[in-house]
Every structure is written in C-alpha cells, then in structure tokens.
>>> print(open('run29.cif').read())   # mmCIF, C-alpha atoms, pLDDT in the B column; chains and numbers go by the auth columns
data_model
loop_
_atom_site.group_PDB
_atom_site.id
_atom_site.type_symbol
_atom_site.label_atom_id
_atom_site.label_comp_id
_atom_site.label_asym_id
_atom_site.label_seq_id
_atom_site.Cartn_x
_atom_site.Cartn_y
_atom_site.Cartn_z
_atom_site.B_iso_or_equiv
_atom_site.auth_seq_id
_atom_site.auth_asym_id
ATOM 1 C CA MET A 1 96.180 129.085 92.481 50.00 338 A
ATOM 2 C CA ASP A 2 94.792 127.374 89.385 48.00 339 A
ATOM 3 C CA ASN A 3 91.190 126.175 89.355 47.00 340 A
ATOM 4 C CA LEU A 4 91.228 122.659 90.770 47.00 341 A
ATOM 5 C CA SER A 5 87.934 121.773 89.066 45.00 342 A
ATOM 6 C CA GLU A 6 89.703 122.082 85.721 62.00 343 A
ATOM 7 C CA LYS A 7 92.604 119.882 86.777 80.00 344 A
ATOM 8 C CA LYS A 8 92.137 116.373 85.434 86.00 345 A
ATOM 9 C CA CYS A 9 94.543 113.476 85.167 88.00 346 A
ATOM 10 C CA VAL A 10 95.534 112.085 81.760 86.00 347 A
ATOM 11 C CA CYS A 11 93.128 109.206 82.499 86.00 348 A
ATOM 12 C CA ASN A 12 90.322 111.828 82.696 87.00 349 A
ATOM 13 C CA GLN A 13 89.829 111.198 86.421 88.00 350 A
ATOM 14 C CA ASN A 14 89.532 114.242 88.709 90.00 351 A
ATOM 15 C CA PHE A 15 92.554 114.915 90.882 92.00 352 A
ATOM 16 C CA LYS A 16 92.149 115.013 94.658 93.00 353 A
ATOM 17 C CA ILE A 17 94.120 117.288 97.009 93.00 354 A
ATOM 18 C CA VAL A 18 96.189 115.066 99.306 95.00 355 A
ATOM 19 C CA ASP A 19 98.647 117.551 100.840 96.00 356 A
ATOM 20 C CA ARG A 20 99.074 121.291 101.321 95.00 357 A
ATOM 21 C CA PHE A 21 102.080 123.453 102.129 95.00 358 A
ATOM 22 C CA GLY A 22 101.785 126.562 104.245 88.00 359 A
ATOM 23 C CA ASP A 23 98.773 128.802 103.642 84.00 360 A
ATOM 24 C CA ASP A 24 97.947 126.953 100.418 85.00 361 A
ATOM 25 C CA LEU A 25 101.221 128.093 98.853 91.00 362 A
ATOM 26 C CA ALA A 26 101.249 124.690 97.156 95.00 363 A
ATOM 27 C CA GLN A 27 98.857 121.744 96.838 94.00 364 A
ATOM 28 C CA LEU A 28 99.741 118.161 95.982 95.00 365 A
ATOM 29 C CA LEU A 29 97.198 116.399 93.746 95.00 366 A
ATOM 30 C CA PHE A 30 96.690 112.661 93.389 94.00 367 A
ATOM 31 C CA CYS A 31 94.789 110.421 90.969 92.00 368 A
ATOM 32 C CA ASN A 32 93.856 107.220 92.771 86.00 369 A
ATOM 33 C CA LYS A 33 92.926 105.502 89.513 83.00 370 A
ATOM 34 C CA CYS A 34 96.388 105.505 87.954 84.00 371 A
ATOM 35 C CA CYS A 35 98.573 106.639 90.905 87.00 372 A
ATOM 36 C CA ARG A 36 99.678 109.852 89.191 91.00 373 A
ATOM 37 C CA PHE A 37 100.642 113.098 90.946 95.00 374 A
ATOM 38 C CA ASP A 38 100.544 116.763 90.024 94.00 375 A
ATOM 39 C CA ALA A 39 100.944 119.997 91.948 93.00 376 A
ATOM 40 C CA LEU A 40 99.446 123.471 92.035 93.00 377 A
ATOM 41 C CA TYR A 41 101.465 126.467 93.190 92.00 378 A
ATOM 42 C CA GLN A 42 100.219 129.839 94.340 90.00 379 A
ATOM 43 C CA THR A 43 101.204 132.450 91.779 90.00 380 A
ATOM 44 C CA CYS A 44 103.033 135.545 92.936 91.00 381 A
ATOM 45 C CA GLU A 45 101.227 138.886 92.713 92.00 382 A
ATOM 46 C CA HIS A 46 104.361 140.582 91.400 94.00 383 A
ATOM 47 C CA LYS A 47 105.423 143.937 92.741 95.00 384 A
ATOM 48 C CA PHE A 48 108.205 145.119 90.449 96.00 385 A
ATOM 49 C CA LYS A 49 110.736 147.720 91.521 96.00 386 A
ATOM 50 C CA THR A 50 114.014 148.896 90.071 97.00 387 A
ATOM 51 C CA TYR A 51 117.034 148.060 92.234 97.00 388 A
ATOM 52 C CA LYS A 52 120.766 148.354 92.178 95.00 389 A
ATOM 53 C CA ILE A 53 122.349 144.965 92.733 95.00 390 A
ATOM 54 C CA ILE A 54 125.813 144.900 94.263 93.00 391 A
ATOM 55 C CA TYR A 55 127.740 141.685 93.570 91.00 392 A
ATOM 56 C CA ASP A 56 130.532 140.178 95.650 89.00 393 A
ATOM 57 C CA ASN A 57 133.173 141.392 93.184 92.00 394 A
ATOM 58 C CA GLY A 58 131.964 144.981 93.627 90.00 395 A
ATOM 59 C CA SER A 59 130.199 145.307 90.272 94.00 396 A
ATOM 60 C CA ILE A 60 126.822 147.022 90.205 95.00 397 A
ATOM 61 C CA HIS A 61 123.883 146.169 87.939 96.00 398 A
ATOM 62 C CA VAL A 62 120.511 147.856 87.664 97.00 399 A
ATOM 63 C CA LYS A 63 117.524 145.556 87.284 97.00 400 A
ATOM 64 C CA THR A 64 113.771 145.609 87.723 97.00 401 A
ATOM 65 C CA LYS A 65 112.786 142.671 89.911 96.00 402 A
ATOM 66 C CA CYS A 66 109.816 141.510 91.947 95.00 403 A
ATOM 67 C CA SER A 67 110.191 142.489 95.607 93.00 404 A
ATOM 68 C CA ILE A 68 108.227 139.371 96.647 92.00 405 A
ATOM 69 C CA CYS A 69 109.744 136.487 94.654 92.00 406 A
ATOM 70 C CA GLY A 70 112.776 138.031 92.962 92.00 407 A
ATOM 71 C CA GLN A 71 111.598 137.401 89.386 93.00 408 A
ATOM 72 C CA GLN A 72 113.498 139.618 86.962 94.00 409 A
ATOM 73 C CA LYS A 73 111.575 141.780 84.513 95.00 410 A
ATOM 74 C CA GLU A 74 114.207 143.964 82.929 95.00 411 A
ATOM 75 C CA THR A 75 117.920 144.868 82.930 96.00 412 A
ATOM 76 C CA HIS A 76 118.893 148.537 82.584 96.00 413 A
ATOM 77 C CA LYS A 77 121.931 150.610 81.719 94.00 414 A
ATOM 78 C CA LYS A 78 123.514 152.067 84.834 91.00 415 A
ATOM 79 C CA ASN A 79 124.053 155.440 83.158 92.00 416 A
ATOM 80 C CA ASP A 80 120.292 155.914 82.828 94.00 417 A
ATOM 81 C CA PHE A 81 119.863 156.047 86.622 94.00 418 A
ATOM 82 C CA GLU A 82 121.100 157.961 89.607 94.00 419 A
ATOM 83 C CA LEU A 83 122.561 154.984 91.496 93.00 420 A
ATOM 84 C CA ASN A 84 122.521 156.645 94.907 93.00 421 A
ATOM 85 C CA SER A 85 118.757 157.070 94.691 94.00 422 A
ATOM 86 C CA LEU A 86 118.068 153.369 93.932 96.00 423 A
ATOM 87 C CA PRO A 87 117.303 150.890 96.723 96.00 424 A
ATOM 88 C CA ILE A 88 119.734 147.983 97.155 95.00 425 A
ATOM 89 C CA TYR A 89 118.271 144.631 96.222 95.00 426 A
ATOM 90 C CA ASP A 90 117.967 142.184 99.125 93.00 427 A
ATOM 91 C CA LYS A 91 119.268 138.840 97.833 91.00 428 A
ATOM 92 C CA SER A 92 117.797 137.013 100.840 92.00 429 A
ATOM 93 C CA ILE A 93 114.435 137.136 99.014 91.00 430 A
ATOM 94 C CA GLU A 94 115.686 134.543 96.554 90.00 431 A
ATOM 95 C CA ASP A 95 117.374 132.474 99.281 92.00 432 A
ATOM 96 C CA GLU A 96 114.076 132.275 101.158 92.00 433 A
ATOM 97 C CA LEU A 97 112.293 131.218 97.963 92.00 434 A
ATOM 98 C CA ILE A 98 114.848 128.452 97.338 93.00 435 A
ATOM 99 C CA ASN A 99 114.509 127.204 100.935 95.00 436 A
ATOM 100 C CA ARG A 100 110.712 127.245 100.673 94.00 437 A
ATOM 101 C CA ASN A 101 110.738 125.305 97.391 93.00 438 A
ATOM 102 C CA MET A 102 113.082 122.739 98.936 96.00 439 A
ATOM 103 C CA ALA A 103 110.715 122.345 101.899 96.00 440 A
ATOM 104 C CA ILE A 104 107.743 121.865 99.528 96.00 441 A
ATOM 105 C CA HIS A 105 109.695 119.305 97.528 96.00 442 A
ATOM 106 C CA TYR A 106 110.683 117.366 100.673 96.00 443 A
ATOM 107 C CA GLN A 107 107.159 117.379 102.135 96.00 444 A
ATOM 108 C CA PHE A 108 105.441 116.391 98.877 96.00 445 A
ATOM 109 C CA ASN A 109 108.004 113.662 98.140 95.00 446 A
ATOM 110 C CA LYS A 110 107.319 112.093 101.532 94.00 447 A
ATOM 111 C CA THR A 111 103.562 112.167 100.901 95.00 448 A
ATOM 112 C CA GLN A 112 104.012 110.647 97.442 95.00 449 A
ATOM 113 C CA GLU A 113 106.092 107.785 98.828 91.00 450 A
ATOM 114 C CA GLU A 114 103.423 107.015 101.435 90.00 451 A
ATOM 115 C CA LEU A 115 100.581 107.118 98.897 91.00 452 A
ATOM 116 C CA ARG A 116 102.468 105.019 96.338 86.00 453 A
ATOM 117 C CA LEU A 117 103.079 102.367 98.988 79.00 454 A
ATOM 118 C CA GLN A 118 99.424 102.433 100.026 82.00 455 A
ATOM 119 C CA HIS A 119 98.321 102.192 96.386 80.00 456 A
ATOM 120 C CA ARG A 120 100.588 99.193 95.810 73.00 457 A
ATOM 121 C CA LYS A 121 99.207 97.453 98.890 69.00 458 A
ATOM 122 C CA GLU A 122 95.650 97.965 97.634 73.00 459 A
ATOM 123 C CA THR A 123 96.358 96.487 94.204 69.00 460 A
ATOM 124 C CA ASN A 124 97.886 93.359 92.680 70.00 461 A
ATOM 125 C CA GLU A 125 101.105 95.310 92.200 71.00 462 A
ATOM 126 C CA TRP A 126 102.059 94.840 95.865 71.00 463 A
ATOM 127 C CA ASN A 127 101.222 91.123 95.884 78.00 464 A
ATOM 128 C CA ILE A 128 103.037 90.396 92.620 81.00 465 A
ATOM 129 C CA GLU A 129 106.197 92.264 93.615 79.00 466 A
ATOM 130 C CA GLN A 130 106.244 90.658 97.050 81.00 467 A
ATOM 131 C CA TRP A 131 105.836 87.212 95.460 85.00 468 A
ATOM 132 C CA TYR A 132 108.501 87.930 92.815 87.00 469 A
ATOM 133 C CA GLN A 133 111.086 89.084 95.355 88.00 470 A
ATOM 134 C CA GLY A 134 110.454 85.899 97.328 90.00 471 A
ATOM 135 C CA TYR A 135 110.776 83.831 94.154 91.00 472 A
ATOM 136 C CA LEU A 136 114.197 85.374 93.402 93.00 473 A
ATOM 137 C CA LEU A 137 115.345 84.212 96.853 93.00 474 A
ATOM 138 C CA SER A 138 114.004 80.683 96.395 94.00 475 A
ATOM 139 C CA LYS A 139 115.996 77.492 95.781 93.00 476 A
ATOM 140 C CA MET A 140 113.983 76.981 92.594 93.00 477 A
ATOM 141 C CA TRP A 141 115.250 80.240 91.075 95.00 478 A
ATOM 142 C CA SER A 142 118.775 79.637 92.414 95.00 479 A
ATOM 143 C CA LYS A 143 118.957 76.336 90.500 95.00 480 A
ATOM 144 C CA LYS A 144 117.607 77.873 87.288 96.00 481 A
ATOM 145 C CA ARG A 145 120.003 80.805 87.565 96.00 482 A
ATOM 146 C CA LYS A 146 122.974 78.517 88.122 96.00 483 A
ATOM 147 C CA TRP A 147 121.955 76.282 85.207 97.00 484 A
ATOM 148 C CA ILE A 148 121.692 79.222 82.770 97.00 485 A
ATOM 149 C CA LEU A 149 125.026 80.703 83.855 97.00 486 A
ATOM 150 C CA GLU A 150 126.803 77.345 83.562 97.00 487 A
ATOM 151 C CA LYS A 151 125.114 76.634 80.224 96.00 488 A
ATOM 152 C CA GLN A 152 126.632 79.871 78.868 96.00 489 A
ATOM 153 C CA ASN A 153 130.005 79.250 80.583 97.00 490 A
ATOM 154 C CA PHE A 154 129.423 82.389 82.651 97.00 491 A
ATOM 155 C CA LYS A 155 129.681 84.549 79.498 97.00 492 A
ATOM 156 C CA CYS A 156 127.326 87.455 78.850 97.00 493 A
ATOM 157 C CA GLU A 157 125.132 86.668 75.857 97.00 494 A
ATOM 158 C CA ARG A 158 125.287 90.292 74.737 96.00 495 A
ATOM 159 C CA CYS A 159 128.912 91.354 75.098 96.00 496 A
ATOM 160 C CA GLY A 160 130.866 88.239 76.067 96.00 497 A
ATOM 161 C CA ASP A 161 132.068 89.598 79.413 96.00 498 A
ATOM 162 C CA LYS A 162 131.629 87.615 82.626 97.00 499 A
ATOM 163 C CA ALA A 163 127.939 86.947 83.265 97.00 500 A
ATOM 164 C CA VAL A 164 126.845 87.460 86.874 97.00 501 A
ATOM 165 C CA GLN A 165 123.069 87.745 86.485 97.00 502 A
ATOM 166 C CA VAL A 166 120.205 86.074 84.629 97.00 503 A
ATOM 167 C CA HIS A 167 117.729 88.261 82.776 97.00 504 A
ATOM 168 C CA HIS A 168 114.065 87.480 82.041 96.00 505 A
ATOM 169 C CA LEU A 169 113.362 88.051 78.342 95.00 506 A
ATOM 170 C CA THR A 170 109.689 87.614 79.221 92.00 507 A
ATOM 171 C CA TYR A 171 107.672 87.294 82.417 90.00 508 A
ATOM 172 C CA GLU A 172 104.828 85.378 80.802 86.00 509 A
ATOM 173 C CA ARG A 173 106.012 82.087 82.330 88.00 510 A
ATOM 174 C CA VAL A 174 107.770 83.428 85.427 89.00 511 A
ATOM 175 C CA GLY A 175 108.052 80.620 87.980 88.00 512 A
ATOM 176 C CA TYR A 176 108.100 77.951 85.275 87.00 513 A
ATOM 177 C CA GLU A 177 110.358 79.594 82.682 91.00 514 A
ATOM 178 C CA LEU A 178 111.495 77.915 79.474 93.00 515 A
ATOM 179 C CA PRO A 179 115.252 78.031 78.736 93.00 516 A
ATOM 180 C CA GLY A 180 114.586 80.560 75.980 94.00 517 A
ATOM 181 C CA ASP A 181 112.953 82.909 78.481 95.00 518 A
ATOM 182 C CA LEU A 182 116.240 83.476 80.305 97.00 519 A
ATOM 183 C CA MET A 183 119.510 85.110 79.339 97.00 520 A
ATOM 184 C CA ALA A 184 122.935 85.182 81.030 98.00 521 A
ATOM 185 C CA VAL A 185 124.156 88.778 81.280 97.00 522 A
ATOM 186 C CA CYS A 186 126.744 91.000 82.912 97.00 523 A
ATOM 187 C CA LEU A 187 125.521 93.798 85.165 96.00 524 A
ATOM 188 C CA GLY A 188 125.880 96.497 82.480 96.00 525 A
ATOM 189 C CA CYS A 189 124.017 94.539 79.811 97.00 526 A
ATOM 190 C CA HIS A 190 121.277 93.655 82.275 96.00 527 A
ATOM 191 C CA GLU A 191 120.652 97.358 82.826 95.00 528 A
ATOM 192 C CA LYS A 192 120.734 97.965 79.032 95.00 529 A
ATOM 193 C CA GLU A 193 118.135 95.234 78.478 95.00 530 A
ATOM 194 C CA HIS A 194 115.701 96.988 80.814 92.00 531 A
ATOM 195 C CA ARG A 195 116.466 100.458 79.416 92.00 532 A
ATOM 196 C CA GLU A 196 115.946 99.273 75.836 94.00 533 A
ATOM 197 C CA ASN A 197 112.753 97.395 76.714 91.00 534 A
ATOM 198 C CA PRO A 198 110.831 99.704 79.092 86.00 535 A
ATOM 199 C CA ASN A 199 107.624 97.683 78.700 84.00 536 A
ATOM 200 C CA LEU A 200 109.327 94.505 79.939 87.00 537 A
ATOM 201 C CA LYS A 201 107.869 94.568 83.442 83.00 538 A
ATOM 202 C CA ILE A 202 106.475 91.768 85.530 82.00 539 A
ATOM 203 C CA LEU A 203 103.429 93.894 86.373 72.00 540 A
ATOM 204 C CA LEU A 204 102.505 94.160 82.682 73.00 541 A
ATOM 205 C CA GLN A 205 102.863 90.448 81.859 72.00 542 A
ATOM 206 C CA PHE A 206 102.010 88.604 85.047 67.00 543 A
ATOM 207 C CA LYS A 207 98.669 88.553 86.869 52.00 544 A
ATOM 208 C CA ILE A 208 98.064 87.688 90.502 45.00 545 A
ATOM 209 C CA ASN A 209 95.560 84.944 89.548 45.00 546 A
ATOM 210 C CA ASN A 210 98.467 83.059 87.977 47.00 547 A
ATOM 211 C CA LEU A 211 100.056 82.542 91.404 47.00 548 A
#
>>> encode(input="run29.cif", output="structure tokens")
Amino acid sequence: MDNLSEKKCVCNQNFKIVDRFGDDLAQLLFCNKCCRFDALYQTCEHKFKTYKIIYDNGSIHVKTKCSICGQQKETHKKNDFELNSLPIYDKSIEDELINRNMAIHYQFNKTQEELRLQHRKETNEWNIEQWYQGYLLSKMWSKKRKWILEKQNFKCERCGDKAVQVHHLTYERVGYELPGDLMAVCLGCHEKEHRENPNLKILLQFKINNL
C-alpha cells in the first residue's frame, strides 16, 4: 500500500480514509474540501512461475505468470520446455481477481454516493439545486418557457428542428431571466449546448444569498 501521508489532493488538502475493503486490500480516500476521491490498492508481492496454459480450443501456450494475481511476465516457445513437467495454470486466479475488483468497485461507489450527498447537504450546492429543481416546476418558469417556445414558433434556434426545451444561456439572472438569457432548443441541441459549455453551471454562477 502506498504511503498515505504522501497522498494529497490537487487542492493540497490531505486525503482521509473513508472506506476499506477486506484486510486493507483497498482504501477509499476523500478530500472534504473539494469532494474529490482517490483510492489506494495493496500491491501484489508477485510469485512468478512458468505454466502451461491450455485453452478451450486445445492449444497450449507456455507463459510465466504470477501465481497470486495472474500478471504475465513472459511468453515462451513451447519447444524450449518439457510440457509434461510444467504445472497447468489455474485460470480461476484471474476470475477471483475480477470478482474482487468488481466488489471493491461496488462498495466504493456506494460510499462515494453517500459522501457526495452528505457534502451537497452541507454546502450551498444542495440548497441551490433543490431550489432550482423547484423553480423548474413552478408556474413562473412554465410561463417563461411557453413564451420563449411560442416566440420562436417552436423551432430550435440552433438547428431549426422542433424545439421542446428552453436552455439557459446564463444563470446569472435565474428566476428573473431576460429574454436574451433563454434559448428554444431541441433535445439534441440542448445536450450539445451543455457539452460545448462545460462551465455553464448554476452552481458556478448563482449563489445561495441571491435567493
């Protein structure tokens, strides 16, 4: 396992261990300052042996692999070995490793979801998103949305297809938008707008003290 004391987040804050798998086979790290995760995995103390590997089609290969994790070190020519004297490689080693990694992934994902939710609740992010989702369900937004769509004759302002959504070009005046802040779009162009403008997020432009 790597030295945790040397593991710092990109914000220069020390990571904290928030979850462990098995006998410290893996540790999940969390930075509470910027809600970033990392992980440490126990490294295998490789024990390499040369095996004959018999495949389902009957072909035989000779390889040097780790008897613990299955990592391959070298491939050999069959003619250089007496095949009958070589041990047969147990492929279940790799199956067990895959199953273990899947279990680590599932456990750590669940922990990350819980911590992200907790972090959002402890910051303005939770309050802003909760308010924004309520705003999108309000009569006020429904009227603005309808007015923009009708103003553009239900045509997407990017491609000309049927507009079914209204996009915020800025969140600086969300709740009391100007007409130029909103754009009639089809579903595909709405997704493109957000992909092309990754910094266009309500959390970056809107503060809870504006509520």
>>> closest_atom_pairs(input="run29.cif", of="stretch 428-547 of chain A", to="stretch 360-370 of chain A", cutoff="12 Å", atoms="all atoms listed in the file", output="CSV")
residue,atom,partner,partner_atom,distance
A:Leu434,CA,A:Leu362,CA,11.5
A:Arg437,CA,A:Leu362,CA,9.7
A:Asn438,CA,A:Ala363,CA,9.5
A:Ala440,CA,A:Ala363,CA,10.8
A:Ile441,CA,A:Ala363,CA,7.5
A:His442,CA,A:Ala363,CA,10.0
A:Tyr443,CA,A:Leu365,CA,11.9
A:Gln444,CA,A:Leu365,CA,9.7
A:Phe445,CA,A:Leu365,CA,6.6
A:Asn446,CA,A:Leu365,CA,9.7
A:Lys447,CA,A:Leu365,CA,11.2
A:Thr448,CA,A:Leu365,CA,8.6
A:Gln449,CA,A:Phe367,CA,8.6
A:Glu450,CA,A:Phe367,CA,11.9
A:Glu451,CA,A:Phe367,CA,11.9
A:Leu452,CA,A:Phe367,CA,8.7
A:Arg453,CA,A:Asn369,CA,9.6
A:Gln455,CA,A:Asn369,CA,10.3
A:His456,CA,A:Asn369,CA,7.6
A:Arg457,CA,A:Asn369,CA,10.9
A:Glu459,CA,A:Asn369,CA,10.6
A:Thr460,CA,A:Lys370,CA,10.7
>>> atom_distance(input="run29.cif", atom1="atom CA of A:Tyr513", atom2="atom CA of A:Lys480")
12.2 Å
>>> residues_around(input="run29.cif", residues="stretch 489-505 of chain A", least_positions_apart="4", cutoff="7 Å", atoms="all atoms listed in the file", output="PyMOL selection string")
chain A and resi 482+485+518-524+526-527
>>> closest_residue(input="run29.cif", among="A:Gln379, A:Ser475, A:Gln350, A:Asn436", to="A:Gly512", atoms="only C-alpha atoms")
A:Ser475
>>> resolve_selection(input="run29.cif", expression="the PyMOL selection byres ((chain A and resi 398) around 12)", output="PDB file with C-alpha atoms, keeping the file's coordinate frame")
ATOM      1  CA  THR A 387     114.014 148.896  90.071  1.00 97.00           C
ATOM      2  CA  TYR A 388     117.034 148.060  92.234  1.00 97.00           C
ATOM      3  CA  LYS A 389     120.766 148.354  92.178  1.00 95.00           C
ATOM      4  CA  ILE A 390     122.349 144.965  92.733  1.00 95.00           C
ATOM      5  CA  ILE A 391     125.813 144.900  94.263  1.00 93.00           C
ATOM      6  CA  TYR A 392     127.740 141.685  93.570  1.00 91.00           C
ATOM      7  CA  ASP A 393     130.532 140.178  95.650  1.00 89.00           C
ATOM      8  CA  ASN A 394     133.173 141.392  93.184  1.00 92.00           C
ATOM      9  CA  GLY A 395     131.964 144.981  93.627  1.00 90.00           C
ATOM     10  CA  SER A 396     130.199 145.307  90.272  1.00 94.00           C
ATOM     11  CA  ILE A 397     126.822 147.022  90.205  1.00 95.00           C
ATOM     12  CA  VAL A 399     120.511 147.856  87.664  1.00 97.00           C
ATOM     13  CA  LYS A 400     117.524 145.556  87.284  1.00 97.00           C
ATOM     14  CA  THR A 401     113.771 145.609  87.723  1.00 97.00           C
ATOM     15  CA  LYS A 402     112.786 142.671  89.911  1.00 96.00           C
ATOM     16  CA  GLU A 411     114.207 143.964  82.929  1.00 95.00           C
ATOM     17  CA  THR A 412     117.920 144.868  82.930  1.00 96.00           C
ATOM     18  CA  HIS A 413     118.893 148.537  82.584  1.00 96.00           C
ATOM     19  CA  LYS A 414     121.931 150.610  81.719  1.00 94.00           C
ATOM     20  CA  LYS A 415     123.514 152.067  84.834  1.00 91.00           C
ATOM     21  CA  ASN A 416     124.053 155.440  83.158  1.00 92.00           C
ATOM     22  CA  ASP A 417     120.292 155.914  82.828  1.00 94.00           C
ATOM     23  CA  PHE A 418     119.863 156.047  86.622  1.00 94.00           C
ATOM     24  CA  LEU A 420     122.561 154.984  91.496  1.00 93.00           C
ATOM     25  CA  LEU A 423     118.068 153.369  93.932  1.00 96.00           C
ATOM     26  CA  PRO A 424     117.303 150.890  96.723  1.00 96.00           C
ATOM     27  CA  ILE A 425     119.734 147.983  97.155  1.00 95.00           C
ATOM     28  CA  TYR A 426     118.271 144.631  96.222  1.00 95.00           C
TER      29      TYR A 426
END
>>> atom_distance(input="run29.cif", atom1="atom CA of A:Glu433", atom2="atom CA of A:Lys386")
18.5 Å
